[in-house]
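Undergrad: Before I ask anything, let me first share the structure, which is written out below as structure tokens.
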Amino acid sequence: MKPPPFEYHAPRSVAEAMEVLAAAGPEGKVLAGGQSLIPLLNMRLVAPGHLVDVNRLTELDTVEAEPGGVRVGALARHARVERSAGAAAAQPLLRQALRLVAHPVIRNRGTVVGSLVHADPAAELPAVLALLGGSVRLARPGAVRDVPAAGFFTGPLESAAEPGELAVSAFFPALGPRCGTAFHEVARRHGDYALAGVAALVSLDDGLRVTAARAVCVSAGPVPVVVDVTGHVAGTSPAVVSGAAVSGAAGTGTSGAGAFADGWAAAARAVAGRVEPEDDIHASAAYRRHLTCVLAERALREAAASAADDVGTRR
């Protein structure tokens with residue numbers, strides 16, 4: 001397979017890249033990791049007139065972890081972010097998600113920001129950005145804007161990035177105190193896109209009472225689906241700090257454990273009720289919805305246990 005003809009550009013600065021993209025307009029495509037773009041080119045599913053290779057723009061190869069969150073530059077590879085101790089400390093969901101992305105050889109080349117702009121509803125990183133309420137920074141000559149995740153993903157393989165704009169970075173807010181995260185998915189083979197996947201974020205107070213619980217689903221609709229399930233579990237609390245009690249495991253001897261178990265199951269059903277999967281050659285919509293329910297309960301329980309562990313370490 002060969003790509004359609006295009007004019008190749010290799011800018012030496014971000015300013016030059018923005019100028020080339022602005023001139024190219026709708027005919028311009030950015031090449032960073034290329035793990036999604038190159039197959040699309042070879043299968044002739046896209047045919048840009050101009051390909052703008054940003055791999056020489058080393059100022060975009062950054063991972064900046066700070067108390068408020070993690071800012072990832074447009075050239076930071078999946079593997080670099082996955083291995084960043086600072087990024088994992090500020091927002092552990094990033095590492096949890098990146099370990100599920102394809103295979104190491106792809107993570108060595110693919111970029112976090114590129115995955116976000118590609119906006120595949122089956123991909124892990126758009127779901128992470130949506131769950132955390134992060135943002136993507138877009139730039140063009142003379143203008144920069146930060147687009148919140150809620151408005152960035154507009155449809156399958158469609159984002160708010162306009163022709164002529166360059167996505168220069170993405171921001172993932174830090175994990176707050178007494179919070180926990182988890183990401184679970186099911187794929188036909190290791191490294192495949194998930195048939196269904198769920199990431200969860202749970203917050204507790206010092207008494208282990210749930211104050212917030214949210215989940216986001218992949219492969220369940222045209223964009224990442226974020227569901228707030230706080231109402232199903234808010235205020236429920238076992239009497240002791242332990243992951244087993246929070247997960248509602250049998251035999252804890254804790255009066256609140258059963259309530260937690262019922263709450264997580266109800267929350268998972270609420271998540272599954274919000275998704276809109278479709279039948280395809282890989283799975284039926286009903287099966288994807290069933291998987292979403294199972295994975296949602298698993299992810300919510302694990303996120304709550306992680307949050308409880310955080311409470312315990314702070315006491």
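Please note that chains go A, B, ... in the order of the structure tokens, that every chain numbers its residues from 1, and that ligands are numbered from 1 in the order shown.
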Neighbouring residues of A:Val226 were defined as those with any atom within 7 Å, considering only C-alpha atoms; residues of the same chain fewer than 2 positions away were excluded. Please report them as a list in words.
TA: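 So, after excluding close chain neighbours, the residues are Ala130, Leu131, Ala215, Val216, Cys217, Pro224 and Asp228 of chain A.
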Undergrad: Dump as a Markdown table the rows for residues of stretch 53-90 of chain A within 10 Å of stretch 97-112 of chain A: closest atom pair and distance in Å with one decimal, only C-alpha atoms counted, ordered by chain and rising residue number.
TA:
```
| residue | atom | partner | partner_atom | distance |
| --- | --- | --- | --- | --- |
| A:Asp61 | CA | A:Thr111 | CA | 9.6 |
| A:Val72 | CA | A:Val112 | CA | 7.4 |
| A:Gly73 | CA | A:Val112 | CA | 8.2 |
| A:Ala74 | CA | A:Thr111 | CA | 6.9 |
| A:Leu75 | CA | A:Thr111 | CA | 6.0 |
| A:Ala76 | CA | A:Thr111 | CA | 5.6 |
| A:Arg77 | CA | A:Thr111 | CA | 4.2 |
| A:His78 | CA | A:Arg107 | CA | 4.8 |
| A:Ala79 | CA | A:Arg107 | CA | 5.1 |
| A:Arg80 | CA | A:Asn108 | CA | 7.7 |
| A:Val81 | CA | A:Val112 | CA | 8.1 |
| A:Glu82 | CA | A:Leu98 | CA | 5.9 |
| A:Arg83 | CA | A:Leu98 | CA | 9.6 |
```
Undergrad: Using only C-alpha atoms, which protein or nucleic acid residues come within 10 Å of A:Pro163? Drop anything in the same chain fewer than 3 positions from it, and give the result as a ChimeraX atom specification.
TA: /A:21-29,140,160,166
Undergrad: Can I get the selected residues back with N, CA and C atoms, as a PDB file, in the first residue's frame?
TA:
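And here's part.pdb as it stands now:
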```
ATOM      1  N   LEU A  21       0.962  25.314   8.492  1.00  0.00           N
ATOM      2  CA  LEU A  21      -0.389  24.788   8.690  1.00  0.00           C
ATOM      3  C   LEU A  21      -1.450  25.820   8.327  1.00  0.00           C
ATOM      4  N   ALA A  22      -1.207  27.071   8.678  1.00  0.00           N
ATOM      5  CA  ALA A  22      -2.167  28.122   8.353  1.00  0.00           C
ATOM      6  C   ALA A  22      -2.312  28.264   6.844  1.00  0.00           C
ATOM      7  N   ALA A  23      -1.190  28.166   6.127  1.00  0.00           N
ATOM      8  CA  ALA A  23      -1.244  28.276   4.671  1.00  0.00           C
ATOM      9  C   ALA A  23      -1.923  27.065   4.041  1.00  0.00           C
ATOM     10  N   ALA A  24      -1.715  25.888   4.648  1.00  0.00           N
ATOM     11  CA  ALA A  24      -2.291  24.660   4.094  1.00  0.00           C
ATOM     12  C   ALA A  24      -3.789  24.555   4.358  1.00  0.00           C
ATOM     13  N   GLY A  25      -4.246  25.110   5.482  1.00  0.00           N
ATOM     14  CA  GLY A  25      -5.669  25.061   5.811  1.00  0.00           C
ATOM     15  C   GLY A  25      -6.176  23.638   5.940  1.00  0.00           C
ATOM     16  N   PRO A  26      -7.353  23.336   5.366  1.00  0.00           N
ATOM     17  CA  PRO A  26      -7.919  21.986   5.473  1.00  0.00           C
ATOM     18  C   PRO A  26      -7.071  20.903   4.822  1.00  0.00           C
ATOM     19  N   GLU A  27      -6.134  21.287   3.971  1.00  0.00           N
ATOM     20  CA  GLU A  27      -5.286  20.310   3.282  1.00  0.00           C
ATOM     21  C   GLU A  27      -4.078  19.891   4.107  1.00  0.00           C
ATOM     22  N   GLY A  28      -3.902  20.466   5.290  1.00  0.00           N
ATOM     23  CA  GLY A  28      -2.726  20.162   6.103  1.00  0.00           C
ATOM     24  C   GLY A  28      -2.987  19.116   7.167  1.00  0.00           C
ATOM     25  N   LYS A  29      -2.023  18.204   7.351  1.00  0.00           N
ATOM     26  CA  LYS A  29      -2.064  17.210   8.418  1.00  0.00           C
ATOM     27  C   LYS A  29      -0.724  17.224   9.137  1.00  0.00           C
ATOM     28  N   ARG A 140      -2.264  28.865  16.673  1.00  0.00           N
ATOM     29  CA  ARG A 140      -2.113  29.316  15.303  1.00  0.00           C
ATOM     30  C   ARG A 140      -1.384  30.661  15.359  1.00  0.00           C
ATOM     31  N   ALA A 160     -12.066  19.358  18.196  1.00  0.00           N
ATOM     32  CA  ALA A 160     -12.296  20.788  18.025  1.00  0.00           C
ATOM     33  C   ALA A 160     -11.126  21.501  17.374  1.00  0.00           C
ATOM     34  N   LEU A 166      -2.330  24.011  15.427  1.00  0.00           N
ATOM     35  CA  LEU A 166      -1.393  23.004  15.896  1.00  0.00           C
ATOM     36  C   LEU A 166      -1.664  22.718  17.368  1.00  0.00           C
TER      37      LEU A 166
END
```
Undergrad: Write out as a list in words each polymer residue whose atoms come within 9 Å of A:Phe172, counting only C-alpha atoms; drop sequence neighbours fewer than 4 positions from it.
TA: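 Near A:Phe172, the qualifying residues are Gly68, Gly69, Val70, Arg71, Val72, Gln91, Leu94, Val128, Leu129, Leu132, Gly133, Gly134 and Ser135 of chain A.
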Undergrad: Next, the residues of the selection above should be written as an mmCIF file, in the first residue's frame with N, CA and C atoms.
TA:
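File part_26.cif, as written:
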```cif
data_model
loop_
_atom_site.group_PDB
_atom_site.id
_atom_site.type_symbol
_atom_site.label_atom_id
_atom_site.label_comp_id
_atom_site.auth_asym_id
_atom_site.auth_seq_id
_atom_site.Cartn_x
_atom_site.Cartn_y
_atom_site.Cartn_z
ATOM 1 N N GLY A 68 -0.353 21.129 40.343
ATOM 2 C CA GLY A 68 -1.680 21.257 39.741
ATOM 3 C C GLY A 68 -2.008 20.216 38.691
ATOM 4 N N GLY A 69 -0.997 19.542 38.159
ATOM 5 C CA GLY A 69 -1.264 18.551 37.130
ATOM 6 C C GLY A 69 -0.057 18.281 36.258
ATOM 7 N N VAL A 70 -0.311 17.674 35.111
ATOM 8 C CA VAL A 70 0.745 17.269 34.191
ATOM 9 C C VAL A 70 0.467 17.891 32.828
ATOM 10 N N ARG A 71 1.446 18.635 32.319
ATOM 11 C CA ARG A 71 1.335 19.167 30.960
ATOM 12 C C ARG A 71 2.262 18.371 30.054
ATOM 13 N N VAL A 72 1.675 17.816 29.011
ATOM 14 C CA VAL A 72 2.396 16.947 28.089
ATOM 15 C C VAL A 72 2.518 17.652 26.750
ATOM 16 N N GLN A 91 -0.593 12.310 38.635
ATOM 17 C CA GLN A 91 -1.841 11.765 38.101
ATOM 18 C C GLN A 91 -1.615 10.303 37.687
ATOM 19 N N LEU A 94 -2.778 8.378 34.322
ATOM 20 C CA LEU A 94 -2.030 8.434 33.067
ATOM 21 C C LEU A 94 -1.246 7.144 32.841
ATOM 22 N N VAL A 128 -9.261 9.381 29.388
ATOM 23 C CA VAL A 128 -8.583 9.933 30.564
ATOM 24 C C VAL A 128 -8.764 11.441 30.635
ATOM 25 N N LEU A 129 -8.540 12.114 29.518
ATOM 26 C CA LEU A 129 -8.688 13.578 29.494
ATOM 27 C C LEU A 129 -10.118 13.971 29.849
ATOM 28 N N LEU A 132 -10.891 13.393 33.686
ATOM 29 C CA LEU A 132 -10.188 14.319 34.574
ATOM 30 C C LEU A 132 -10.574 15.773 34.336
ATOM 31 N N GLY A 133 -11.276 16.051 33.237
ATOM 32 C CA GLY A 133 -11.601 17.437 32.923
ATOM 33 C C GLY A 133 -10.383 18.224 32.492
ATOM 34 N N GLY A 134 -9.507 17.578 31.713
ATOM 35 C CA GLY A 134 -8.309 18.243 31.224
ATOM 36 C C GLY A 134 -8.600 19.124 30.024
ATOM 37 N N SER A 135 -7.538 19.518 29.328
ATOM 38 C CA SER A 135 -7.701 20.415 28.187
ATOM 39 C C SER A 135 -6.578 20.211 27.192
#
```
Undergrad: Could you tell me how far atom CA of A:Gly86 lies from atom CA of A:Val63, in Å and to one decimal?
TA: 8.8 Å
Undergrad: Assign secondary structure with DSSP using the backbone only, and return the residues of stretch 33-230 of chain A in helix (DSSP H, G or I) as a PyMOL selection string.
TA: chain A and resi 37-42+58-60+78-83+85-90+92-98+104-107+112-118+124-132+149-152+230
Undergrad: Go ahead and write the residues just picked, C-alpha atoms, as a short mmCIF file (atom, residue, chain, number, x, y, z; two decimals), in the first residue's frame.
TA:
```cif
data_model
loop_
_atom_site.label_atom_id
_atom_site.label_comp_id
_atom_site.auth_asym_id
_atom_site.auth_seq_id
_atom_site.Cartn_x
_atom_site.Cartn_y
_atom_site.Cartn_z
CA LEU A 37 -1.93 8.74 10.46
CA ILE A 38 0.44 6.52 8.47
CA PRO A 39 -1.96 3.54 8.29
CA LEU A 40 -4.76 5.90 7.26
CA LEU A 41 -2.54 7.34 4.53
CA ASN A 42 -1.48 3.92 3.29
CA THR A 58 12.23 19.46 20.34
CA GLU A 59 10.63 22.25 22.39
CA LEU A 60 7.39 20.25 22.14
CA HIS A 78 3.55 7.42 25.22
CA ALA A 79 6.53 5.55 26.66
CA ARG A 80 8.14 8.68 28.07
CA VAL A 81 4.95 9.74 29.86
CA GLU A 82 4.35 6.19 31.06
CA ARG A 83 7.83 6.06 32.62
CA ALA A 85 7.71 9.21 37.93
CA GLY A 86 6.60 12.80 38.30
CA ALA A 87 3.64 12.34 35.97
CA ALA A 88 2.59 9.12 37.74
CA ALA A 89 2.81 10.79 41.15
CA ALA A 90 0.71 13.77 40.07
CA PRO A 92 -1.55 7.95 38.33
CA LEU A 93 -4.39 7.39 35.86
CA LEU A 94 -2.03 8.43 33.07
CA ARG A 95 0.29 5.50 33.70
CA GLN A 96 -2.63 3.13 34.32
CA ALA A 97 -4.07 4.03 30.92
CA LEU A 98 -0.82 4.12 28.97
CA PRO A 104 5.61 -1.14 23.61
CA VAL A 105 6.92 -0.59 20.09
CA ILE A 106 3.92 1.62 19.33
CA ARG A 107 4.18 3.42 22.67
CA VAL A 112 -0.12 11.45 23.84
CA VAL A 113 -1.32 14.65 22.17
CA GLY A 114 -1.55 12.91 18.80
CA SER A 115 -3.87 10.31 20.31
CA LEU A 116 -6.08 13.06 21.71
CA VAL A 117 -6.33 14.90 18.39
CA HIS A 118 -7.03 11.63 16.57
CA GLU A 124 -7.66 5.23 26.28
CA LEU A 125 -6.19 8.75 26.42
CA PRO A 126 -9.26 10.68 25.21
CA ALA A 127 -11.19 8.91 27.98
CA VAL A 128 -8.58 9.93 30.56
CA LEU A 129 -8.69 13.58 29.49
CA ALA A 130 -12.50 13.55 29.58
CA LEU A 131 -12.72 11.94 33.03
CA LEU A 132 -10.19 14.32 34.57
CA ALA A 149 -12.11 18.06 27.18
CA ALA A 150 -15.90 18.44 27.37
CA GLY A 151 -15.82 20.42 24.13
CA PHE A 152 -12.76 18.93 22.47
CA THR A 230 -21.96 9.95 43.05
#
```
Undergrad: May I ask for the distance between atom CA of A:Leu201 and atom CA of A:Gly33, given in Å to one decimal place?
TA: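 Computing it gives 28.9 Å between the two atoms.
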Undergrad: Name the residues of stretch 91-307 of chain A that fall into strand (DSSP E) according to DSSP on the backbone, using the chain letters and numbers of this document, as a count of residues only.
TA: 55
Undergrad: May I ask for the distance between atom CA of A:Ala167 and atom CA of A:Ala32, given in Å to one decimal place?
TA: 10.7 Å
